[in-house]
$ cat query-v9.cif   # mmCIF, C-alpha atoms
data_data
#
loop_
_atom_site.label_atom_id
_atom_site.label_comp_id
_atom_site.auth_asym_id
_atom_site.auth_seq_id
_atom_site.Cartn_x
_atom_site.Cartn_y
_atom_site.Cartn_z
CA MET A 837 12.72 -97.61 -28.61
CA CYS A 838 11.24 -95.54 -31.44
CA PRO A 839 7.47 -95.67 -31.92
CA SER A 840 6.46 -96.84 -35.40
CA PRO A 841 4.94 -94.16 -37.64
CA PRO A 842 1.16 -93.98 -37.06
CA GLU A 843 0.16 -94.36 -40.72
CA MET A 844 1.49 -97.88 -41.35
CA PRO A 845 0.12 -99.93 -38.43
CA LEU A 846 -3.12 -97.93 -38.30
CA ARG A 847 -3.96 -98.20 -41.98
CA GLU A 848 -6.96 -100.50 -41.47
CA GLU A 849 -8.30 -98.39 -38.60
CA LEU A 850 -7.91 -95.20 -40.64
CA VAL A 851 -9.68 -96.65 -43.68
CA GLN A 852 -12.58 -97.81 -41.49
CA TRP A 853 -12.85 -94.37 -39.87
CA LEU A 854 -12.72 -92.58 -43.24
CA LEU A 855 -15.58 -94.83 -44.37
CA VAL A 856 -17.60 -93.80 -41.30
CA LEU A 857 -17.00 -90.14 -42.11
CA GLY A 858 -17.56 -90.48 -45.86
CA ASP A 859 -20.59 -92.77 -45.64
CA ASP A 860 -22.29 -90.47 -43.09
CA ARG A 861 -21.98 -87.57 -45.56
CA LEU A 862 -22.98 -89.64 -48.60
CA VAL A 863 -26.10 -91.17 -47.04
CA LEU A 864 -27.13 -87.87 -45.44
CA GLY A 865 -26.60 -86.08 -48.74
CA HIS A 866 -28.77 -88.63 -50.48
CA ARG A 867 -31.63 -88.18 -47.99
CA LEU A 868 -31.42 -84.40 -48.44
CA SER A 869 -31.53 -84.75 -52.23
CA GLU A 870 -34.87 -86.53 -51.88
CA TRP A 871 -36.44 -83.17 -50.98
CA CYS A 872 -35.57 -81.72 -54.36
CA GLY A 873 -38.88 -80.74 -55.95
CA HIS A 874 -40.85 -81.70 -52.83
CA ALA A 875 -39.96 -79.20 -50.11
CA PRO A 876 -42.75 -77.18 -48.47
CA ILE A 877 -41.43 -73.85 -49.82
CA LEU A 878 -39.14 -72.95 -52.69
CA GLU A 879 -36.42 -71.45 -50.48
CA GLU A 880 -36.13 -74.72 -48.57
CA ASP A 881 -36.17 -76.81 -51.74
CA ILE A 882 -33.09 -74.88 -52.78
CA ALA A 883 -31.50 -74.81 -49.32
CA LEU A 884 -31.83 -78.56 -48.68
CA ALA A 885 -30.55 -79.39 -52.16
CA ASN A 886 -27.51 -77.14 -51.63
CA ILE A 887 -26.80 -78.61 -48.21
CA GLY A 888 -27.09 -82.09 -49.74
CA LEU A 889 -24.67 -81.08 -52.45
CA ASP A 890 -22.15 -79.90 -49.85
CA CYS A 891 -22.52 -83.29 -48.09
CA ILE A 892 -21.89 -85.21 -51.30
CA GLY A 893 -18.84 -83.03 -51.95
CA HIS A 894 -17.57 -83.97 -48.49
CA ALA A 895 -18.26 -87.65 -49.22
CA SER A 896 -16.33 -87.40 -52.47
CA ALA A 897 -13.25 -86.05 -50.67
CA LEU A 898 -13.47 -88.47 -47.71
CA LEU A 899 -14.19 -91.62 -49.74
CA GLY A 900 -11.45 -90.61 -52.15
CA LEU A 901 -9.07 -90.53 -49.19
CA ALA A 902 -10.37 -93.89 -47.94
CA GLY A 903 -9.72 -95.51 -51.31
CA LYS A 904 -6.25 -94.01 -51.46
CA GLU A 905 -5.36 -95.19 -47.93
CA GLU A 906 -6.74 -98.66 -48.65
CA GLY A 907 -4.38 -98.95 -51.61
CA LYS A 908 -6.47 -101.49 -53.57
CA GLY A 909 -7.29 -99.16 -56.45
CA ARG A 910 -10.86 -98.41 -55.38
CA SER A 911 -12.01 -94.94 -56.37
CA GLU A 912 -14.59 -92.85 -54.53
CA ASP A 913 -17.14 -93.99 -57.10
CA ASP A 914 -16.27 -97.66 -56.56
CA LEU A 915 -16.79 -97.20 -52.84
CA ALA A 916 -20.03 -95.24 -53.21
CA TYR A 917 -21.69 -97.39 -55.86
CA LEU A 918 -20.34 -100.92 -55.59
CA ARG A 919 -20.46 -101.75 -51.88
CA GLU A 920 -23.31 -103.61 -50.20
CA ALA A 921 -25.15 -102.30 -47.12
CA ILE A 922 -23.15 -104.53 -44.80
CA ASP A 923 -19.97 -102.74 -45.87
CA PHE A 924 -21.33 -99.25 -45.27
CA ARG A 925 -20.21 -97.59 -42.04
CA ASN A 926 -22.55 -94.61 -41.75
CA HIS A 927 -24.35 -94.14 -38.46
CA GLN A 928 -27.95 -95.34 -38.62
CA ILE A 929 -29.35 -91.88 -37.91
CA CYS A 930 -28.27 -90.75 -41.38
CA GLU A 931 -30.07 -93.48 -43.31
CA LEU A 932 -33.53 -93.00 -41.76
CA PRO A 933 -36.14 -91.94 -44.32
CA LYS A 934 -36.59 -88.19 -44.63
CA GLY A 935 -40.01 -88.14 -42.94
CA ASP A 936 -41.81 -84.81 -42.80
CA PHE A 937 -40.01 -81.46 -42.84
CA ALA A 938 -39.81 -81.43 -39.04
CA PHE A 939 -38.14 -84.86 -39.01
CA THR A 940 -35.56 -83.76 -41.57
CA ILE A 941 -34.81 -80.56 -39.65
CA VAL A 942 -34.48 -82.35 -36.30
CA ARG A 943 -32.24 -85.04 -37.83
CA GLN A 944 -30.10 -82.34 -39.48
CA PHE A 945 -29.86 -80.40 -36.22
CA LEU A 946 -28.75 -83.45 -34.23
CA VAL A 947 -26.23 -84.60 -36.87
CA ASP A 948 -24.97 -81.07 -37.74
CA SER A 949 -24.32 -80.40 -34.03
CA TYR A 950 -22.25 -83.58 -33.83
CA ALA A 951 -20.42 -82.94 -37.12
CA ALA A 952 -19.54 -79.35 -36.17
CA LEU A 953 -17.83 -80.58 -32.98
CA LEU A 954 -16.18 -83.57 -34.67
CA TYR A 955 -14.72 -81.69 -37.62
CA GLU A 956 -13.50 -78.85 -35.44
CA VAL A 957 -11.23 -81.39 -33.72
CA LEU A 958 -10.37 -83.21 -36.96
CA LYS A 959 -8.87 -79.96 -38.33
CA SER A 960 -5.92 -80.72 -36.04
CA SER A 961 -5.50 -84.34 -37.13
CA THR A 962 -1.92 -85.56 -37.45
CA ASN A 963 -3.03 -86.98 -40.81
CA ALA A 964 -2.45 -83.92 -43.00
CA GLU A 965 -4.87 -84.88 -45.78
CA LEU A 966 -7.70 -85.57 -43.34
CA ALA A 967 -6.95 -82.27 -41.55
CA ALA A 968 -7.17 -80.37 -44.85
CA VAL A 969 -10.52 -81.91 -45.82
CA ALA A 970 -11.80 -81.43 -42.25
CA ALA A 971 -11.03 -77.70 -42.33
CA LYS A 972 -13.23 -77.36 -45.40
CA VAL A 973 -16.02 -79.58 -44.07
CA HIS A 974 -16.06 -77.72 -40.78
CA LYS A 975 -16.68 -74.35 -42.43
CA GLU A 976 -19.56 -75.65 -44.51
CA VAL A 977 -21.11 -77.69 -41.67
CA THR A 978 -21.11 -74.47 -39.60
CA TYR A 979 -23.53 -73.01 -42.14
CA HIS A 980 -25.58 -76.24 -42.20
CA LEU A 981 -25.90 -76.00 -38.41
CA ARG A 982 -27.00 -72.39 -38.62
CA HIS A 983 -29.74 -73.39 -41.05
CA SER A 984 -30.98 -76.39 -39.06
CA SER A 985 -30.74 -74.52 -35.73
CA GLN A 986 -32.84 -71.64 -37.03
CA TRP A 987 -35.52 -73.99 -38.31
CA PHE A 988 -35.41 -76.16 -35.18
CA LEU A 989 -36.11 -73.07 -33.09
CA ARG A 990 -38.82 -71.82 -35.48
CA LEU A 991 -40.62 -75.18 -35.64
CA GLY A 992 -40.35 -75.97 -31.92
CA ASP A 993 -41.39 -72.52 -30.78
CA GLY A 994 -43.96 -72.28 -33.56
CA THR A 995 -47.56 -73.35 -34.05
CA GLU A 996 -49.24 -76.17 -32.14
CA GLU A 997 -48.79 -78.42 -35.18
CA SER A 998 -45.13 -77.58 -35.81
CA HIS A 999 -44.36 -78.02 -32.10
CA ARG A 1000 -46.09 -81.41 -32.02
CA ARG A 1001 -44.35 -82.69 -35.15
CA THR A 1002 -40.95 -81.46 -33.95
CA GLN A 1003 -41.35 -83.10 -30.51
CA GLN A 1004 -42.47 -86.35 -32.14
CA SER A 1005 -39.42 -86.28 -34.42
CA LEU A 1006 -37.07 -85.55 -31.53
CA ASP A 1007 -38.55 -88.43 -29.51
CA ALA A 1008 -38.25 -90.81 -32.48
CA LEU A 1009 -34.67 -89.79 -33.34
CA TRP A 1010 -33.18 -89.80 -29.85
CA MET A 1011 -32.56 -93.56 -29.77
CA TYR A 1012 -30.19 -93.14 -32.75
CA THR A 1013 -27.99 -90.53 -31.09
CA GLY A 1014 -26.18 -92.88 -28.70
CA GLU A 1015 -24.39 -94.56 -31.59
CA LEU A 1016 -22.62 -91.32 -32.54
CA PHE A 1017 -20.60 -91.44 -29.32
CA GLY A 1018 -19.59 -95.09 -29.06
CA ASP A 1019 -15.86 -95.94 -29.16
CA THR A 1020 -14.36 -98.90 -31.04
CA HIS A 1021 -10.84 -100.31 -30.59
CA GLY A 1022 -9.90 -98.54 -33.80
CA ASP A 1023 -11.12 -95.21 -32.39
CA VAL A 1024 -8.94 -95.68 -29.31
CA ALA A 1025 -5.87 -96.35 -31.47
CA LEU A 1026 -6.54 -93.41 -33.78
CA ASN A 1027 -7.04 -91.14 -30.80
CA ALA A 1028 -3.74 -92.24 -29.27
CA ALA A 1029 -2.03 -91.33 -32.56
CA LYS A 1030 -3.90 -87.99 -32.52
CA VAL A 1031 -5.48 -88.74 -35.88
CA SER A 1032 -9.01 -88.42 -34.56
CA PRO A 1033 -10.87 -87.69 -31.30
CA LEU A 1034 -12.62 -90.39 -29.28
CA PRO A 1035 -16.30 -90.16 -30.26
CA SER A 1036 -17.27 -90.44 -26.58
CA SER A 1037 -15.28 -87.28 -25.82
CA LEU A 1038 -17.78 -85.24 -27.85
CA ARG A 1039 -20.89 -86.39 -26.03
CA ALA A 1040 -21.00 -83.95 -23.11
CA THR A 1041 -20.54 -80.83 -25.26
CA TRP A 1042 -22.99 -82.09 -27.86
CA LYS A 1043 -25.60 -82.83 -25.18
CA ALA A 1044 -25.16 -79.40 -23.60
CA LYS A 1045 -25.51 -77.50 -26.89
CA VAL A 1046 -28.44 -79.56 -28.11
CA SER A 1047 -30.22 -79.26 -24.73
CA ASP A 1048 -29.86 -75.49 -24.79
CA LEU A 1049 -31.66 -75.19 -28.09
CA ILE A 1050 -34.29 -77.78 -27.13
CA ARG A 1051 -35.11 -75.62 -24.10
CA LEU A 1052 -35.17 -72.43 -26.18
CA ALA A 1053 -37.48 -74.13 -28.69
CA THR A 1054 -39.90 -74.97 -25.80
CA LEU A 1055 -39.39 -78.70 -26.44
CA SER A 1056 -38.78 -81.55 -23.99
CA LEU A 1057 -35.41 -83.28 -23.83
CA PRO A 1058 -35.86 -87.03 -24.40
CA SER A 1059 -34.35 -89.35 -21.82
CA ASP A 1060 -31.01 -91.10 -22.31
CA GLU A 1061 -32.42 -93.98 -20.24
CA GLN A 1062 -33.76 -95.79 -23.28
CA TYR A 1063 -32.62 -98.38 -25.77
CA MET A 1064 -30.00 -96.90 -28.07
CA ALA A 1065 -29.57 -98.33 -31.57
CA SER A 1066 -26.08 -99.59 -32.45
CA GLY A 1067 -24.22 -101.79 -34.91
CA SER A 1068 -23.38 -99.54 -37.83
CA ARG A 1069 -19.65 -99.70 -37.06
CA SER A 1070 -19.88 -103.42 -37.92
CA GLY A 1071 -22.16 -102.90 -40.90
CA ARG A 1072 -25.45 -103.63 -39.09
CA HIS A 1073 -28.00 -101.17 -40.38
CA THR A 1074 -31.72 -100.51 -40.28
CA GLU A 1075 -33.96 -101.95 -42.98
CA HIS A 1076 -33.85 -98.56 -44.71
CA LEU A 1077 -30.27 -98.56 -45.99
CA GLY A 1078 -30.80 -101.35 -48.51
CA HIS A 1079 -33.61 -99.46 -50.20
CA LEU A 1080 -31.60 -96.26 -50.24
CA LEU A 1081 -28.63 -97.99 -51.87
CA ALA A 1082 -30.86 -99.69 -54.42
CA GLU A 1083 -31.96 -96.28 -55.65
CA MET A 1084 -28.56 -94.68 -55.34
CA GLN A 1085 -26.57 -97.47 -57.00
CA ILE A 1086 -28.89 -98.76 -59.72
CA LEU A 1087 -27.50 -96.69 -62.57
CA PRO A 1088 -23.78 -97.53 -62.27
CA ARG A 1089 -24.62 -101.14 -61.43
CA SER A 1090 -26.82 -101.41 -64.53
CA PHE A 1091 -24.14 -99.95 -66.78
CA PRO A 1092 -20.79 -101.04 -65.34
CA GLY A 1093 -17.87 -98.93 -66.50
CA ALA A 1094 -20.08 -96.24 -68.06
CA SER A 1095 -18.85 -92.67 -67.97
CA TRP A 1096 -20.18 -89.24 -68.98
CA MET B 1447 6.73 -69.24 -75.33
CA GLU B 1448 7.81 -69.89 -71.76
CA PHE B 1449 5.30 -72.02 -69.86
CA ASP B 1450 6.11 -70.72 -66.40
CA ARG B 1451 3.66 -69.97 -63.58
CA ASN B 1452 3.08 -66.39 -64.71
CA PHE B 1453 2.34 -67.38 -68.29
CA ILE B 1454 -0.03 -70.17 -67.26
CA PHE B 1455 -1.84 -67.91 -64.78
CA GLY B 1456 -2.18 -65.30 -67.52
CA GLN B 1457 -3.82 -67.87 -69.78
CA LEU B 1458 -6.15 -69.03 -67.02
CA ARG B 1459 -7.34 -65.49 -66.33
CA ARG B 1460 -9.30 -65.87 -69.58
CA ILE B 1461 -11.57 -68.41 -67.87
CA LYS B 1462 -14.59 -66.86 -66.22
CA ASP B 1463 -16.47 -68.48 -63.37
CA PRO B 1464 -19.47 -70.30 -64.94
CA GLU B 1465 -21.87 -68.97 -62.27
CA ILE B 1466 -20.54 -65.40 -62.03
CA PRO B 1467 -19.13 -64.67 -65.49
CA VAL B 1468 -17.71 -61.24 -64.57
CA VAL B 1469 -14.90 -62.69 -62.45
CA ASP B 1470 -12.17 -65.11 -63.52
CA ILE B 1471 -11.00 -68.26 -61.75
CA VAL B 1472 -7.60 -66.77 -60.86
CA GLU B 1473 -8.96 -63.71 -59.04
CA LEU B 1474 -11.49 -65.98 -57.29
CA GLY B 1475 -8.58 -67.92 -55.81
CA ILE B 1476 -9.71 -71.19 -57.38
CA VAL B 1477 -6.37 -71.58 -59.19
CA ARG B 1478 -3.75 -72.12 -56.48
CA ASP B 1479 -0.60 -73.05 -58.38
CA ALA B 1480 0.71 -74.06 -61.81
CA ARG B 1481 4.02 -75.52 -62.97
CA LEU B 1482 5.67 -77.26 -65.89
CA VAL B 1483 7.39 -80.43 -64.74
CA GLY B 1484 8.91 -83.01 -67.04
CA GLY B 1485 6.94 -81.81 -70.06
CA VAL B 1486 3.62 -81.89 -68.19
CA ILE B 1487 1.69 -78.82 -67.03
CA HIS B 1488 0.20 -79.26 -63.54
CA VAL B 1489 -2.54 -76.91 -62.35
CA ASP B 1490 -3.74 -77.05 -58.74
CA ILE B 1491 -7.31 -75.87 -58.13
CA THR B 1492 -9.36 -75.70 -54.97
CA PRO B 1493 -13.18 -75.79 -54.76
CA THR B 1494 -14.92 -72.78 -53.22
CA TYR B 1495 -17.47 -75.18 -51.70
CA SER B 1496 -16.89 -78.95 -51.47
CA GLY B 1497 -19.83 -79.86 -53.66
CA CYS B 1498 -19.40 -77.07 -56.18
CA PRO B 1499 -20.70 -78.51 -59.45
CA ALA B 1500 -18.82 -75.93 -61.51
CA MET B 1501 -15.47 -77.58 -60.75
CA ARG B 1502 -15.82 -80.13 -63.56
CA VAL B 1503 -16.57 -77.40 -66.08
CA ILE B 1504 -13.65 -75.33 -64.80
CA GLU B 1505 -11.33 -78.33 -65.07
CA ASP B 1506 -12.38 -78.93 -68.69
CA GLU B 1507 -11.95 -75.26 -69.57
CA ILE B 1508 -8.46 -75.13 -68.03
CA ILE B 1509 -7.36 -78.02 -70.23
CA GLU B 1510 -9.04 -76.54 -73.31
CA VAL B 1511 -7.42 -73.11 -72.87
CA LEU B 1512 -3.93 -74.42 -72.17
CA ARG B 1513 -4.16 -76.90 -75.06
CA GLN B 1514 -4.45 -73.99 -77.48
CA ASN B 1515 -0.77 -73.20 -76.96
CA PHE B 1516 0.63 -76.30 -75.31
CA PRO B 1517 0.84 -79.65 -77.11
CA GLY B 1518 1.85 -81.74 -74.08
CA SER B 1519 -0.07 -83.28 -71.17
CA ILE B 1520 -2.06 -81.14 -68.80
CA THR B 1521 -3.07 -82.39 -65.34
CA VAL B 1522 -5.53 -80.61 -63.07
CA ASN B 1523 -5.24 -81.51 -59.37
CA LYS B 1524 -7.84 -80.73 -56.72
CA VAL B 1525 -6.26 -79.51 -53.48
CA TYR B 1526 -8.05 -78.85 -50.19
CA SER B 1527 -5.35 -77.07 -48.25
CA PRO B 1528 -5.49 -74.19 -47.48
CA PRO B 1529 -9.31 -74.25 -47.55
CA TRP B 1530 -10.86 -71.67 -49.88
CA THR B 1531 -11.91 -68.50 -48.11
CA SER B 1532 -13.75 -65.40 -49.28
CA ALA B 1533 -10.98 -63.42 -47.56
CA TRP B 1534 -8.91 -64.06 -50.70
CA LEU B 1535 -11.19 -61.82 -52.77
CA SER B 1536 -9.78 -58.37 -53.48
CA SER B 1537 -11.91 -55.25 -53.16
CA GLU B 1538 -11.84 -54.94 -56.98
CA THR B 1539 -13.33 -58.43 -57.30
CA LYS B 1540 -15.96 -57.63 -54.67
CA GLU B 1541 -16.91 -54.49 -56.59
CA LYS B 1542 -17.40 -56.63 -59.73
CA PHE B 1543 -19.81 -58.83 -57.70
CA ARG B 1544 -21.76 -55.77 -56.59
CA ARG B 1545 -22.03 -54.31 -60.10
CA TYR B 1546 -23.24 -57.73 -61.32
CA GLY B 1547 -26.03 -57.65 -58.73
CA ILE B 1548 -24.54 -59.90 -56.05
CA ALA B 1549 -23.88 -58.32 -52.65
CA PRO B 1550 -20.20 -59.07 -51.86
CA PRO B 1551 -19.12 -60.99 -48.72
CA GLY B 1552 -18.28 -59.24 -45.47
CA ASN B 1553 -15.27 -59.93 -43.29
CA VAL B 1554 -14.57 -63.54 -42.42
CA CYS B 1555 -13.65 -63.07 -38.78
CA GLY B 1556 -16.96 -64.17 -37.32
CA ILE B 1557 -17.64 -67.49 -39.04
CA GLU B 1558 -17.52 -69.65 -35.92
CA LYS B 1559 -19.84 -67.24 -34.15
CA LEU B 1560 -22.40 -67.45 -36.95
CA VAL B 1561 -24.17 -70.40 -35.36
CA ALA B 1562 -25.24 -68.41 -32.29
CA LEU B 1563 -28.79 -67.58 -33.22
CA GLY B 1564 -28.69 -64.16 -31.68
CA GLN B 1565 -25.69 -63.36 -33.83
CA ALA B 1566 -26.87 -61.50 -36.91
CA ARG B 1567 -24.69 -61.03 -39.92
CA GLN B 1568 -23.18 -57.58 -40.58
CA PRO B 1569 -25.84 -55.39 -42.30
CA VAL B 1570 -26.05 -56.12 -46.00
CA ALA B 1571 -26.42 -53.32 -48.54
CA CYS B 1572 -28.66 -53.83 -51.56
CA PRO B 1573 -26.48 -54.01 -54.72
CA HIS B 1574 -29.24 -52.30 -56.72
CA CYS B 1575 -30.20 -49.27 -54.61
CA GLY B 1576 -27.54 -49.26 -51.86
CA LYS B 1577 -29.95 -49.16 -48.90
CA SER B 1578 -29.41 -51.49 -45.91
CA ASP B 1579 -32.91 -52.37 -44.71
CA CYS B 1580 -32.50 -55.80 -46.22
CA GLU B 1581 -34.02 -59.02 -44.88
CA LEU B 1582 -32.58 -62.54 -45.10
CA ARG B 1583 -34.96 -64.86 -46.95
CA SER B 1584 -32.82 -68.01 -47.02
CA GLU B 1585 -29.32 -69.02 -46.00
CA TYR B 1586 -29.00 -70.77 -49.36
CA SER B 1587 -29.83 -69.51 -52.82
CA SER B 1588 -29.12 -70.59 -56.40
CA THR B 1589 -25.79 -71.99 -55.24
CA ALA B 1590 -24.38 -73.08 -51.86
CA CYS B 1591 -22.08 -70.04 -51.75
CA LYS B 1592 -24.90 -67.49 -51.85
CA ALA B 1593 -27.76 -66.51 -49.55
CA LEU B 1594 -31.04 -64.87 -50.60
CA TYR B 1595 -31.98 -61.39 -49.39
CA PHE B 1596 -34.85 -59.01 -50.05
CA CYS B 1597 -34.46 -55.23 -50.12
CA GLY B 1598 -37.09 -53.36 -48.10
CA SER B 1599 -36.44 -50.16 -50.02
CA CYS B 1600 -36.47 -51.04 -53.70
CA LYS B 1601 -38.36 -54.34 -53.15
CA GLU B 1602 -35.89 -56.35 -55.23
CA PRO B 1603 -34.58 -59.75 -54.18
CA PHE B 1604 -30.82 -60.22 -54.51
CA GLU B 1605 -28.13 -62.74 -53.73
CA TYR B 1606 -25.42 -62.34 -51.10
CA PHE B 1607 -22.06 -64.08 -51.45
CA LYS B 1608 -21.50 -65.54 -48.00
CA GLU B 1609 -18.27 -65.02 -46.12
CA ILE B 1610 -16.55 -68.33 -45.44
#
$ encode --input "query-v9.cif" --output "structure tokens"
Amino acid sequence: MCPSPPEMPLREELVQWLLVLGDDRLVLGHRLSEWCGHAPILEEDIALANIGLDCIGHASALLGLAGKEEGKGRSEDDLAYLREAIDFRNHQICELPKGDFAFTIVRQFLVDSYAALLYEVLKSSTNAELAAVAAKVHKEVTYHLRHSSQWFLRLGDGTEESHRRTQQSLDALWMYTGELFGDTHGDVALNAAKVSPLPSSLRATWKAKVSDLIRLATLSLPSDEQYMASGSRSGRHTEHLGHLLAEMQILPRSFPGASW
Amino acid sequence: MEFDRNFIFGQLRRIKDPEIPVVDIVELGIVRDARLVGGVIHVDITPTYSGCPAMRVIEDEIIEVLRQNFPGSITVNKVYSPPWTSAWLSSETKEKFRRYGIAPPGNVCGIEKLVALGQARQPVACPHCGKSDCELRSEYSSTACKALYFCGSCKEPFEYFKEI
């Protein structure tokens, strides 16, 4: 009995997963762009804007793939600008407001660490187009992680104020990390077809790497024995996503069909 | 006029990178392939960095240049595989970077090791005075592909094209 080709029966699962990947990058990129003109020093204004631009480039590729796989004629722009919050699949950690510089750096560090592990595995996806995009994303996320790791260390092992703000941010963000490693039925199917790893399979390595740097930065590791936010894989988000999308989508929604 | 790969590539060598106007998009490895199929010219390009904002400009310029000699349709396709790498840059291209004031990228072999904080980059030489007591100021500079350094000898800041 021949197994059916993975692409056909797993189309819905693949589209959903591509939306998770693309929406994470898009929403994260948007939060980073909010620092433009407001960062504490010029070098970071430029750095955060560039990292945000990379993220939006990733979103463009991933959402473009999602639209193509879906086969309903939706472009990357349609997906980015015309969906409601309930249809977004980004993890909640990405949509949280940017906070202070420490909060942004800690959020980047936690998400970059996860993305570096995830995309390293996705480079070997049996879906050739996803593998190609993943190879590119992985290289750039490696540089993002270097940037956020360096700052995480500097802020944690820094002044009394930077240490306090960084610990506060770490404590506030930890409840959003559990969601990164939850498995859905779709994830199990995609993993069986070797399209994508099981999110839960990344947890141990992520925890080990993140713990190492937390220790080096003289910070305390928050406990996993706490309520962990969840729901984004079904479109349940924090109250922040709606406001973010209102800002991000207002122009194309005000002028439907407009182009440069 | 034969619109084969060689001819098209020759035409596209006239297009300089918008950010670094001393190098062209062919030697940068942005143009990956070109072919005439069924009366349509197809050009495959790959972004250096995913979010590179120059790609739109480059796409427009490709069409504009080819249109000067070709009356038919021209399609520019973005491809992601193989991913762009600075290893594609020849030593001549790197020397053009240096003369322009941008320190050229080092060898690509250590990219995965870059995240280890103890792992410093290979020493970077100042493109102005040549000395190596240069200090990293920021991993990102005017564009995502470049980092910002400061030369301890001649006291000039300069950009470094990162290996990727």
$ closest_atom_pairs --input "query-v9.cif" --of "chain A" --to "chain B" --cutoff "6 Å" --atoms "only C-alpha atoms" --output "CSV"
residue,atom,partner,partner_atom,distance
A:Ala883,CA,B:Tyr1586,CA,4.8
A:Asn886,CA,B:Ala1590,CA,5.1
A:Leu889,CA,B:Gly1497,CA,5.1
A:Asp890,CA,B:Gly1497,CA,4.5
A:Gly893,CA,B:Gly1497,CA,3.7
A:His894,CA,B:Ser1496,CA,5.9
A:Ala968,CA,B:Ser1527,CA,5.1
A:Val969,CA,B:Tyr1526,CA,5.9
A:Lys972,CA,B:Pro1529,CA,5.4
A:Arg982,CA,B:Val1561,CA,4.8
$ resolve_selection --input "query-v9.cif" --expression "the PyMOL selection byres ((chain A and resi 850) around 9)" --output "compact mmCIF listing (two decimals) with C-alpha atoms, in the frame of the given file"
# COMPACT_ATOMS: atom_id res chain seq x y z
CA GLU A 843 0.16 -94.36 -40.72
CA LEU A 846 -3.12 -97.93 -38.30
CA ARG A 847 -3.96 -98.20 -41.98
CA GLU A 848 -6.96 -100.50 -41.47
CA GLU A 849 -8.30 -98.39 -38.60
CA VAL A 851 -9.68 -96.65 -43.68
CA GLN A 852 -12.58 -97.81 -41.49
CA TRP A 853 -12.85 -94.37 -39.87
CA LEU A 854 -12.72 -92.58 -43.24
CA LEU A 855 -15.58 -94.83 -44.37
CA ALA A 902 -10.37 -93.89 -47.94
CA GLU A 905 -5.36 -95.19 -47.93
CA GLU A 906 -6.74 -98.66 -48.65
CA GLY A 1022 -9.90 -98.54 -33.80
CA ASP A 1023 -11.12 -95.21 -32.39
CA LEU A 1026 -6.54 -93.41 -33.78
CA VAL A 1031 -5.48 -88.74 -35.88
$ atom_distance --input "query-v9.cif" --atom1 "CA of Ser1536 in chain B" --atom2 "CA of Glu1605 in chain B"
18.9 Å
$ closest_residue --input "query-v9.cif" --among "A:Asp993, A:Asp948, A:Glu976, A:Glu956" --to "Thr1013 in chain A" --atoms "only C-alpha atoms"
A:Asp948
$ residues_around --input "query-v9.cif" --residues "Ile1548 in chain B" --least-positions-apart "6" --cutoff "8 Å" --atoms "only C-alpha atoms" --output "list in words"
Pro1573, Phe1604, Glu1605, Tyr1606 and Phe1607 of chain B
$ residues_around --input "query-v9.cif" --residues "Ser1059 in chain A" --least-positions-apart "6" --cutoff "12 Å" --atoms "all atoms listed in the file" --output "list in words"
Leu1006, Asp1007, Ala1008, Leu1009, Trp1010, Met1011, Thr1013, Gly1014, Lys1043 and Ser1047 of chain A
$ resolve_selection --input "query-v9.cif" --expression "the PyMOL selection byres ((chain B and resi 1542) around 12)" --output "ChimeraX atom specification"
/B:1466-1470,1473-1474,1535-1541,1543-1551,1573
$ closest_atom_pairs --input "query-v9.cif" --of "range 902-1002 of chain A" --to "range 864-877 of chain A" --cutoff "9 Å" --atoms "only C-alpha atoms" --output "Markdown table"
| residue | atom | partner | partner_atom | distance |
| --- | --- | --- | --- | --- |
| A:Asn926 | CA | A:Leu864 | CA | 8.9 |
| A:Ile929 | CA | A:Leu864 | CA | 8.8 |
| A:Cys930 | CA | A:Leu864 | CA | 5.1 |
| A:Glu931 | CA | A:Leu864 | CA | 6.7 |
| A:Leu932 | CA | A:Arg867 | CA | 8.1 |
| A:Pro933 | CA | A:Arg867 | CA | 6.9 |
| A:Lys934 | CA | A:Arg867 | CA | 6.0 |
| A:Phe937 | CA | A:Pro876 | CA | 7.6 |
| A:Thr940 | CA | A:Leu868 | CA | 8.0 |
| A:Gln944 | CA | A:Leu864 | CA | 8.7 |
$ residues_around --input "query-v9.cif" --residues "Pro1464 in chain B" --least-positions-apart "4" --cutoff "9 Å" --atoms "only C-alpha atoms" --output "MDAnalysis selection string"
chainID B and resid 1500 1503:1504
$ closest_residue --input "query-v9.cif" --among "A:His974, A:Lys904, A:His1021, A:Arg919" --to "Ile1086 in chain A" --atoms "all atoms listed in the file"
A:Arg919
$ residues_around --input "query-v9.cif" --residues "Ala952 in chain A" --least-positions-apart "4" --cutoff "9 Å" --atoms "all atoms listed in the file" --output "list of chain:residue names"
A:Val947, A:Asp948, A:Glu956, A:Val957, A:Val973, A:His974, A:Lys975, A:Val977, A:Thr978, A:Leu981
$ resolve_selection --input "query-v9.cif" --expression "the PyMOL selection byres ((chain A and resi 1002) around 7)" --output "JSON, numbers by chain"
{"A": [938, 939, 942, 991, 992, 998, 999, 1000, 1001, 1003, 1004, 1005, 1006]}
